[in-house]
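These notes are about the structure you will find just below.
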Amino acid sequence: MNSRKITAFITVSIFTAGCANTGANYRPMIDTKNVDFNKYEVDLKDCQDYARQTYGAGEGAVAGAAAGAALSALLAAVGGRRYDKSASAKQGAVLGAVAGGAQGETDQRSVIRRCLAGRGYSVLQ
């Protein structure tokens with residue numbers, strides 16, 4: 001494995017590890033009028049625990065990279081000899097990782113917002 005591949009692998013690994021469950025630590029803005037903050041902290045922790053049960057940014061990035069690489073390689077194969085399957089797979093993996101990571105983060109934040117709203121909090125953002 002050449003040094004460029006090793007560097008790319010390490011960079012992606014650090015990015016993926018650093019993003020694991022960041023969405024599950026989300027603290028949304030709520031309307032604080034008449035809020036018991038002790039109860040809110042307990043409810044927020046419960047909602048964050050629910051969010052950890054869904055794919056986060058790290059897991060989404062890994063799944064997106066795999067799907068992006070496979071789809072891009074398949075499309076390059078269908079396209080014929082003019083397309084480099086390896087290069088297409090690499091580009092698809094990067095794009096898939098970015099999209100999957102962003103979606104995982106968004107999904108976890110949505111779980112927390114819906115959970116808190118279901119418990120009676122007015123979630124603003």
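Identifiers in this document derive from the order of the structure tokens: chains are assigned A, B, ..., residues are numbered from 1 separately in each chain, and ligands are numbered from 1 in order of occurrence.
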| Quick one: DSSP helix (DSSP H, G or I) residues in range 73-121 of chain A, as number ranges by chain? | A: 73-79, 85-118
| Nearby residues (only C-alpha atoms) at most 10 Å from range 29-41 of chain A, same-chain spacing under 2 positions excluded, as a VMD selection string | chain A and resid 26 to 27 43 to 47 113 116 to 117 119 to 125
Output of the above residues as a short mmCIF file (atom, residue, chain, number, x, y, z; two decimals), in the first residue's frame, restricted to N, CA and C atoms:
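The resulting file, again-v8.cif, is reproduced below:
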data_model
loop_
_atom_site.label_atom_id
_atom_site.label_comp_id
_atom_site.auth_asym_id
_atom_site.auth_seq_id
_atom_site.Cartn_x
_atom_site.Cartn_y
_atom_site.Cartn_z
N TYR A 26 -26.72 16.02 20.60
CA TYR A 26 -27.38 17.28 20.24
C TYR A 26 -28.27 17.78 21.38
N ARG A 27 -28.19 19.07 21.65
CA ARG A 27 -29.04 19.73 22.65
C ARG A 27 -29.85 20.79 21.91
N ASP A 43 -35.17 13.95 30.65
CA ASP A 43 -35.84 13.66 29.38
C ASP A 43 -34.87 13.78 28.20
N LEU A 44 -34.01 14.78 28.21
CA LEU A 44 -33.03 14.96 27.14
C LEU A 44 -32.10 13.75 27.06
N LYS A 45 -31.64 13.29 28.22
CA LYS A 45 -30.75 12.12 28.23
C LYS A 45 -31.47 10.89 27.68
N ASP A 46 -32.72 10.70 28.05
CA ASP A 46 -33.49 9.58 27.51
C ASP A 46 -33.61 9.68 25.99
N CYS A 47 -33.90 10.89 25.50
CA CYS A 47 -34.05 11.09 24.05
C CYS A 47 -32.72 10.89 23.33
N ARG A 113 -35.34 15.72 18.64
CA ARG A 113 -36.38 16.76 18.56
C ARG A 113 -37.78 16.17 18.69
N LEU A 116 -38.43 14.90 22.35
CA LEU A 116 -38.70 15.99 23.29
C LEU A 116 -40.07 16.62 23.03
N ALA A 117 -40.42 16.78 21.77
CA ALA A 117 -41.74 17.34 21.44
C ALA A 117 -42.83 16.40 21.94
N ARG A 119 -42.73 14.65 24.51
CA ARG A 119 -42.77 14.76 25.98
C ARG A 119 -43.28 16.13 26.42
N GLY A 120 -43.75 16.92 25.47
CA GLY A 120 -44.38 18.18 25.81
C GLY A 120 -43.53 19.42 25.73
N TYR A 121 -42.29 19.31 25.28
CA TYR A 121 -41.44 20.49 25.16
C TYR A 121 -41.68 21.17 23.83
N SER A 122 -41.55 22.49 23.84
CA SER A 122 -41.68 23.26 22.60
C SER A 122 -40.27 23.41 22.02
N VAL A 123 -39.94 22.58 21.04
CA VAL A 123 -38.61 22.56 20.44
C VAL A 123 -38.55 23.63 19.35
N LEU A 124 -37.63 24.58 19.50
CA LEU A 124 -37.52 25.69 18.57
C LEU A 124 -36.52 25.39 17.45
N GLN A 125 -35.41 24.73 17.79
CA GLN A 125 -34.40 24.44 16.78
C GLN A 125 -33.57 23.27 17.19
#
| Who sits within 9 Å of range 85-100 of chain A, only C-alpha atoms, same chain under 6 positions skipped, as a list in words | Thr16, Gly56, Ala57, Gly58, Glu59, Gly60, Ala61, Val62, Ala63, Gly64, Ala65, Ala66, Ala67, Gly68, Ala69, Ala70, Leu71, Ser72, Ala73, Leu74, Leu75, Ala76 and Ala77 of chain A
Keeping only N, CA and C atoms, write the selected residues as a compact mmCIF listing (two decimals), in the first residue's frame.
# COMPACT_ATOMS: atom_id res chain seq x y z
N THR A 16 -14.29 9.28 10.61
CA THR A 16 -15.40 8.40 10.96
C THR A 16 -15.48 8.21 12.47
N GLY A 56 -25.54 6.85 13.38
CA GLY A 56 -25.02 8.21 13.52
C GLY A 56 -24.17 8.56 12.32
N ALA A 57 -23.43 9.64 12.45
CA ALA A 57 -22.60 10.11 11.35
C ALA A 57 -21.53 9.09 10.97
N GLY A 58 -20.90 8.49 11.95
CA GLY A 58 -19.84 7.51 11.68
C GLY A 58 -20.36 6.30 10.94
N GLU A 59 -21.42 5.72 11.47
CA GLU A 59 -21.99 4.53 10.83
C GLU A 59 -22.57 4.86 9.46
N GLY A 60 -23.22 6.04 9.37
CA GLY A 60 -23.77 6.47 8.09
C GLY A 60 -22.69 6.68 7.04
N ALA A 61 -21.55 7.20 7.47
CA ALA A 61 -20.44 7.42 6.55
C ALA A 61 -19.90 6.10 6.01
N VAL A 62 -19.78 5.12 6.89
CA VAL A 62 -19.28 3.82 6.47
C VAL A 62 -20.26 3.17 5.49
N ALA A 63 -21.54 3.18 5.84
CA ALA A 63 -22.55 2.59 4.96
C ALA A 63 -22.62 3.34 3.62
N GLY A 64 -22.56 4.67 3.69
CA GLY A 64 -22.60 5.48 2.48
C GLY A 64 -21.39 5.23 1.59
N ALA A 65 -20.21 5.06 2.20
CA ALA A 65 -19.00 4.80 1.42
C ALA A 65 -19.12 3.46 0.69
N ALA A 66 -19.60 2.45 1.38
CA ALA A 66 -19.75 1.14 0.76
C ALA A 66 -20.76 1.19 -0.39
N ALA A 67 -21.89 1.82 -0.15
CA ALA A 67 -22.92 1.92 -1.19
C ALA A 67 -22.44 2.77 -2.36
N GLY A 68 -21.78 3.88 -2.08
CA GLY A 68 -21.27 4.75 -3.14
C GLY A 68 -20.22 4.07 -3.99
N ALA A 69 -19.33 3.32 -3.35
CA ALA A 69 -18.29 2.61 -4.10
C ALA A 69 -18.91 1.54 -5.00
N ALA A 70 -19.83 0.79 -4.45
CA ALA A 70 -20.46 -0.29 -5.22
C ALA A 70 -21.24 0.27 -6.41
N LEU A 71 -22.04 1.29 -6.16
CA LEU A 71 -22.85 1.87 -7.23
C LEU A 71 -21.98 2.50 -8.31
N SER A 72 -20.95 3.21 -7.92
CA SER A 72 -20.07 3.86 -8.89
C SER A 72 -19.31 2.84 -9.73
N ALA A 73 -18.84 1.77 -9.08
CA ALA A 73 -18.14 0.73 -9.82
C ALA A 73 -19.08 0.04 -10.80
N LEU A 74 -20.31 -0.20 -10.37
CA LEU A 74 -21.31 -0.82 -11.25
C LEU A 74 -21.61 0.06 -12.46
N LEU A 75 -21.80 1.35 -12.22
CA LEU A 75 -22.07 2.27 -13.32
C LEU A 75 -20.89 2.35 -14.29
N ALA A 76 -19.67 2.32 -13.75
CA ALA A 76 -18.49 2.36 -14.60
C ALA A 76 -18.39 1.08 -15.43
N ALA A 77 -18.74 -0.05 -14.83
CA ALA A 77 -18.71 -1.32 -15.56
C ALA A 77 -19.73 -1.32 -16.69
